[in-house]
Amino acid sequence: MHKNIFLASYPKSGNTWLRSIIGNFYNFDKDFNLNDLKLIPLLSIKKHFSEFENKVYTNNNELHFDWISKNIIECQKILNNNVNHLNIFKTHSARHKNFTNETVNAGFIYIVRDPRDIIVSLKNFSGKAIDKTIDEFLFSKSLMITTNGAQELLSTWELNVQSWLNYNSVPRLIIKYEDLKLNPKEIILNITKFLNKIHRLNINLSEQDIDKIIENTNFTNLRNLEDKNGFDEATKHSKFFRSGTSNQWKDILSNSQAKLIEKNLKSLMKYFNYI
């Protein structure tokens, strides 16, 4: 049986950018299209459970998180067996004990971003007040998100990040959003080495190939593609590719808001050298 790979992150941390880069590994010589992102879909969506019976729904006709949790390992087995190639899935889920394991998962890449910048991006993306965004981000342990008809446990930023850091039974690659911005060539090489090692993909990119991938998937090009053709992951509150900059929080967050985030996330922020 093939085993899948996850591209995991908290929302607005660079997961979509990472998907665009990895999806472009085999198509860098063609014009990049945002529809190519669908080659790396979200795992927790309704259509991935189409073969299951006795599904349980919420009042909003979404697949219920408790039911998904009981069936998502089996779902991965089915999805892995239905293809003769590697499955790569995106997820924003906290890695709770029922989400995945080494029987179906070959490894994962987790991309992390300065939580203060995530707050700014989330606030614009969701349209929520910034204090409400911070409160959920720091304290809502049971926070759910719904995409394409299925619930997924997001939880707090701290628990989400820590849950994946604690997942040690499979190989993993942890990437910082800021490093991807500053040193894209080095990070892309690290990604190819990781994927080749855990799944023998034989990705062999020349320096010129990597330069082309960086050109195809840089933030300006992604934003221009969204401006031209739209993007179905945007919201009514904001375009998806809005800014992409680092340290934007310095101009947006008040001193007390920044200090609240830093106080509550001190351990992990120090671990990633954000403070």
# chains A, B, ... in the order shown; residues from 1 in each chain; ligands from 1

$ closest_atom_pairs --of "region 59-149 of chain A" --to "region 157-166 of chain A" --cutoff "12 Å" --atoms "only C-alpha atoms" --output "JSON lines"
{"residue": "A:Thr91", "atom": "CA", "partner": "A:Asn160", "partner_atom": "CA", "distance": 11.0}
{"residue": "A:His92", "atom": "CA", "partner": "A:Asn160", "partner_atom": "CA", "distance": 8.3}
{"residue": "A:Ser93", "atom": "CA", "partner": "A:Asn160", "partner_atom": "CA", "distance": 7.1}
{"residue": "A:Ala94", "atom": "CA", "partner": "A:Asn160", "partner_atom": "CA", "distance": 4.4}
{"residue": "A:Arg95", "atom": "CA", "partner": "A:Ser163", "partner_atom": "CA", "distance": 5.2}
{"residue": "A:His96", "atom": "CA", "partner": "A:Ser163", "partner_atom": "CA", "distance": 6.9}
{"residue": "A:Lys97", "atom": "CA", "partner": "A:Ser163", "partner_atom": "CA", "distance": 9.1}
{"residue": "A:Asn98", "atom": "CA", "partner": "A:Ser163", "partner_atom": "CA", "distance": 11.9}
{"residue": "A:Phe99", "atom": "CA", "partner": "A:Ser163", "partner_atom": "CA", "distance": 10.8}
{"residue": "A:Thr100", "atom": "CA", "partner": "A:Trp164", "partner_atom": "CA", "distance": 10.8}
{"residue": "A:Asn101", "atom": "CA", "partner": "A:Trp164", "partner_atom": "CA", "distance": 11.4}
{"residue": "A:Gly107", "atom": "CA", "partner": "A:Trp164", "partner_atom": "CA", "distance": 10.9}
{"residue": "A:Phe108", "atom": "CA", "partner": "A:Trp164", "partner_atom": "CA", "distance": 8.9}
{"residue": "A:Ile109", "atom": "CA", "partner": "A:Trp164", "partner_atom": "CA", "distance": 9.4}
{"residue": "A:Tyr110", "atom": "CA", "partner": "A:Trp164", "partner_atom": "CA", "distance": 7.5}
{"residue": "A:Ile111", "atom": "CA", "partner": "A:Val161", "partner_atom": "CA", "distance": 9.2}
{"residue": "A:Val112", "atom": "CA", "partner": "A:Val161", "partner_atom": "CA", "distance": 7.7}
{"residue": "A:Arg113", "atom": "CA", "partner": "A:Val161", "partner_atom": "CA", "distance": 10.2}
{"residue": "A:Asp114", "atom": "CA", "partner": "A:Trp157", "partner_atom": "CA", "distance": 10.5}
{"residue": "A:Pro115", "atom": "CA", "partner": "A:Trp157", "partner_atom": "CA", "distance": 7.7}
{"residue": "A:Arg116", "atom": "CA", "partner": "A:Trp157", "partner_atom": "CA", "distance": 10.8}
{"residue": "A:Ile118", "atom": "CA", "partner": "A:Trp157", "partner_atom": "CA", "distance": 9.6}
{"residue": "A:Ile119", "atom": "CA", "partner": "A:Trp157", "partner_atom": "CA", "distance": 10.2}
{"residue": "A:Leu122", "atom": "CA", "partner": "A:Trp157", "partner_atom": "CA", "distance": 11.9}
{"residue": "A:Thr133", "atom": "CA", "partner": "A:Trp157", "partner_atom": "CA", "distance": 11.4}
{"residue": "A:Ile134", "atom": "CA", "partner": "A:Trp157", "partner_atom": "CA", "distance": 10.1}
{"residue": "A:Asp135", "atom": "CA", "partner": "A:Trp157", "partner_atom": "CA", "distance": 10.9}
{"residue": "A:Glu136", "atom": "CA", "partner": "A:Trp157", "partner_atom": "CA", "distance": 9.0}
{"residue": "A:Phe137", "atom": "CA", "partner": "A:Trp157", "partner_atom": "CA", "distance": 5.7}
{"residue": "A:Leu138", "atom": "CA", "partner": "A:Trp157", "partner_atom": "CA", "distance": 6.5}
{"residue": "A:Phe139", "atom": "CA", "partner": "A:Trp157", "partner_atom": "CA", "distance": 8.8}
{"residue": "A:Ser140", "atom": "CA", "partner": "A:Trp157", "partner_atom": "CA", "distance": 9.2}
{"residue": "A:Lys141", "atom": "CA", "partner": "A:Leu159", "partner_atom": "CA", "distance": 7.5}
{"residue": "A:Ser142", "atom": "CA", "partner": "A:Leu159", "partner_atom": "CA", "distance": 10.2}
{"residue": "A:Leu143", "atom": "CA", "partner": "A:Trp157", "partner_atom": "CA", "distance": 10.3}
{"residue": "A:Met144", "atom": "CA", "partner": "A:Asn160", "partner_atom": "CA", "distance": 11.9}

$ residues_around --residues "Thr192 (chain A)" --least-positions-apart "2" --cutoff "12 Å" --atoms "only C-alpha atoms" --output "ChimeraX atom specification"
/A:21-26,109,173,185-190,194-206,210

$ write_last_selection --atoms "C-alpha atoms" --output "short mmCIF file (atom, residue, chain, number, x, y, z; two decimals), in the first residue's frame"
data_model
loop_
_atom_site.label_atom_id
_atom_site.label_comp_id
_atom_site.auth_asym_id
_atom_site.auth_seq_id
_atom_site.Cartn_x
_atom_site.Cartn_y
_atom_site.Cartn_z
CA ILE A 21 6.02 24.94 -5.08
CA ILE A 22 5.73 21.16 -4.68
CA GLY A 23 3.02 20.94 -7.33
CA ASN A 24 5.33 22.76 -9.72
CA PHE A 25 8.18 20.26 -9.35
CA TYR A 26 6.95 18.31 -12.38
CA ILE A 109 6.15 18.73 6.11
CA LEU A 173 10.54 18.34 7.79
CA LYS A 185 16.42 27.79 -3.22
CA GLU A 186 17.87 26.20 -0.08
CA ILE A 187 14.42 25.28 1.26
CA ILE A 188 13.31 23.80 -2.08
CA LEU A 189 16.45 21.64 -2.14
CA ASN A 190 15.65 20.48 1.41
CA PHE A 194 13.14 14.92 2.03
CA LEU A 195 10.59 13.67 -0.51
CA ASN A 196 13.19 11.61 -2.36
CA LYS A 197 14.31 10.02 0.89
CA ILE A 198 10.93 9.03 2.26
CA HIS A 199 9.19 8.11 -0.98
CA ARG A 200 11.88 7.56 -3.61
CA LEU A 201 10.30 10.13 -5.91
CA ASN A 202 13.53 10.75 -7.81
CA ILE A 203 12.98 14.50 -8.04
CA ASN A 204 16.07 15.76 -9.84
CA LEU A 205 15.99 19.51 -10.39
CA SER A 206 18.80 21.57 -11.84
CA ILE A 210 14.62 25.61 -9.22
#

$ select_by_dssp --residues "region 50-234 of chain A" --states "alpha helix (DSSP H)" --output "VMD selection string"
chain A and resid 65 to 81 115 to 126 130 to 139 157 to 165 177 to 182 184 to 199 207 to 217 219 to 229

$ closest_residue --among "A:Ala258, A:Leu153, A:Ile275, A:Ile40" --to "Ile5 (chain A)" --atoms "only C-alpha atoms"
A:Ile40

$ select_by_dssp --residues "region 20-267 of chain A" --states "strand (DSSP E)" --output "list in words"
Ile88, Phe89, Lys90, Thr91, Asn105, Ala106, Gly107, Phe108, Ile109, Tyr110, Ile111, Val112, Met144, Ile145, Thr146, Thr147, Ala150, Gln151, Glu152, Leu153, Arg172, Leu173, Ile174, Ile175 and Lys176 of chain A

$ write_last_selection --atoms "N, CA, C and O atoms" --output "mmCIF file, in the first residue's frame"
data_model
loop_
_atom_site.group_PDB
_atom_site.id
_atom_site.type_symbol
_atom_site.label_atom_id
_atom_site.label_comp_id
_atom_site.auth_asym_id
_atom_site.auth_seq_id
_atom_site.Cartn_x
_atom_site.Cartn_y
_atom_site.Cartn_z
ATOM 1 N N ILE A 88 -0.408 13.293 -1.792
ATOM 2 C CA ILE A 88 0.014 14.366 -0.895
ATOM 3 C C ILE A 88 -1.235 15.150 -0.523
ATOM 4 O O ILE A 88 -1.993 15.583 -1.400
ATOM 5 N N PHE A 89 -1.458 15.331 0.772
ATOM 6 C CA PHE A 89 -2.640 16.036 1.249
ATOM 7 C C PHE A 89 -2.255 17.265 2.060
ATOM 8 O O PHE A 89 -1.277 17.255 2.817
ATOM 9 N N LYS A 90 -3.056 18.286 1.917
ATOM 10 C CA LYS A 90 -2.956 19.464 2.768
ATOM 11 C C LYS A 90 -3.817 19.247 4.007
ATOM 12 O O LYS A 90 -4.856 18.591 3.938
ATOM 13 N N THR A 91 -3.385 19.793 5.137
ATOM 14 C CA THR A 91 -4.242 19.804 6.311
ATOM 15 C C THR A 91 -3.903 20.986 7.207
ATOM 16 O O THR A 91 -2.750 21.423 7.272
ATOM 17 N N ASN A 105 0.649 6.907 6.789
ATOM 18 C CA ASN A 105 1.361 8.159 6.535
ATOM 19 C C ASN A 105 2.863 7.927 6.490
ATOM 20 O O ASN A 105 3.442 7.353 7.412
ATOM 21 N N ALA A 106 3.504 8.371 5.394
ATOM 22 C CA ALA A 106 4.946 8.167 5.223
ATOM 23 C C ALA A 106 5.767 9.272 5.870
ATOM 24 O O ALA A 106 6.960 9.088 6.129
ATOM 25 N N GLY A 107 5.159 10.415 6.121
ATOM 26 C CA GLY A 107 5.882 11.535 6.699
ATOM 27 C C GLY A 107 5.126 12.823 6.445
ATOM 28 O O GLY A 107 4.070 12.833 5.801
ATOM 29 N N PHE A 108 5.661 13.931 6.935
ATOM 30 C CA PHE A 108 4.956 15.202 6.753
ATOM 31 C C PHE A 108 5.930 16.371 6.719
ATOM 32 O O PHE A 108 7.066 16.285 7.209
ATOM 33 N N ILE A 109 5.462 17.442 6.094
ATOM 34 C CA ILE A 109 6.152 18.729 6.109
ATOM 35 C C ILE A 109 5.242 19.699 6.846
ATOM 36 O O ILE A 109 4.059 19.806 6.511
ATOM 37 N N TYR A 110 5.775 20.360 7.855
ATOM 38 C CA TYR A 110 4.993 21.352 8.599
ATOM 39 C C TYR A 110 5.635 22.710 8.381
ATOM 40 O O TYR A 110 6.831 22.881 8.598
ATOM 41 N N ILE A 111 4.837 23.665 7.949
ATOM 42 C CA ILE A 111 5.335 25.022 7.767
ATOM 43 C C ILE A 111 4.775 25.915 8.857
ATOM 44 O O ILE A 111 3.570 25.916 9.124
ATOM 45 N N VAL A 112 5.660 26.622 9.540
ATOM 46 C CA VAL A 112 5.304 27.459 10.676
ATOM 47 C C VAL A 112 5.656 28.907 10.360
ATOM 48 O O VAL A 112 6.615 29.176 9.608
ATOM 49 N N MET A 144 -13.110 24.590 15.556
ATOM 50 C CA MET A 144 -13.281 23.815 14.331
ATOM 51 C C MET A 144 -13.299 24.737 13.124
ATOM 52 O O MET A 144 -13.716 25.900 13.203
ATOM 53 N N ILE A 145 -12.850 24.204 11.997
ATOM 54 C CA ILE A 145 -13.053 24.865 10.713
ATOM 55 C C ILE A 145 -13.736 23.865 9.792
ATOM 56 O O ILE A 145 -13.641 22.653 9.987
ATOM 57 N N THR A 146 -14.439 24.380 8.814
ATOM 58 C CA THR A 146 -15.144 23.512 7.869
ATOM 59 C C THR A 146 -14.773 23.911 6.453
ATOM 60 O O THR A 146 -14.863 25.087 6.085
ATOM 61 N N THR A 147 -14.334 22.945 5.679
ATOM 62 C CA THR A 147 -14.009 23.178 4.275
ATOM 63 C C THR A 147 -14.597 22.051 3.444
ATOM 64 O O THR A 147 -14.378 20.874 3.752
ATOM 65 N N ALA A 150 -16.838 19.219 5.545
ATOM 66 C CA ALA A 150 -16.340 18.352 6.613
ATOM 67 C C ALA A 150 -15.649 19.185 7.685
ATOM 68 O O ALA A 150 -14.931 20.133 7.377
ATOM 69 N N GLN A 151 -15.861 18.813 8.946
ATOM 70 C CA GLN A 151 -15.236 19.524 10.055
ATOM 71 C C GLN A 151 -13.802 19.042 10.276
ATOM 72 O O GLN A 151 -13.475 17.870 10.087
ATOM 73 N N GLU A 152 -12.965 19.982 10.700
ATOM 74 C CA GLU A 152 -11.573 19.680 11.005
ATOM 75 C C GLU A 152 -11.201 20.433 12.275
ATOM 76 O O GLU A 152 -11.547 21.600 12.442
ATOM 77 N N LEU A 153 -10.485 19.770 13.184
ATOM 78 C CA LEU A 153 -10.085 20.390 14.445
ATOM 79 C C LEU A 153 -8.855 21.264 14.227
ATOM 80 O O LEU A 153 -7.757 20.757 13.991
ATOM 81 N N ARG A 172 9.889 13.801 9.344
ATOM 82 C CA ARG A 172 9.230 15.081 9.177
ATOM 83 C C ARG A 172 10.241 16.149 8.803
ATOM 84 O O ARG A 172 11.437 16.021 9.097
ATOM 85 N N LEU A 173 9.739 17.173 8.156
ATOM 86 C CA LEU A 173 10.542 18.337 7.789
ATOM 87 C C LEU A 173 9.789 19.567 8.269
ATOM 88 O O LEU A 173 8.652 19.796 7.859
ATOM 89 N N ILE A 174 10.412 20.357 9.137
ATOM 90 C CA ILE A 174 9.794 21.573 9.657
ATOM 91 C C ILE A 174 10.412 22.764 8.922
ATOM 92 O O ILE A 174 11.639 22.908 8.868
ATOM 93 N N ILE A 175 9.551 23.598 8.356
ATOM 94 C CA ILE A 175 9.996 24.747 7.576
ATOM 95 C C ILE A 175 9.435 26.021 8.192
ATOM 96 O O ILE A 175 8.261 26.067 8.568
ATOM 97 N N LYS A 176 10.253 27.038 8.257
ATOM 98 C CA LYS A 176 9.768 28.349 8.666
ATOM 99 C C LYS A 176 9.414 29.172 7.432
ATOM 100 O O LYS A 176 10.190 29.222 6.472
#

$ closest_residue --among "A:Val120, A:Leu37, A:Val83, A:Val170" --to "Thr103 (chain A)" --atoms "only C-alpha atoms"
A:Val170

$ closest_residue --among "A:Val104, A:Leu63, A:Val56, A:Ile214" --to "Cys75 (chain A)" --atoms "only C-alpha atoms"
A:Val104

$ residues_around --residues "region 47-52 of chain A" --least-positions-apart "4" --cutoff "9 Å" --atoms "only C-alpha atoms" --output "JSON, numbers by chain"
{"A": [43, 68, 71, 72, 75, 76, 78, 79, 148, 149]}
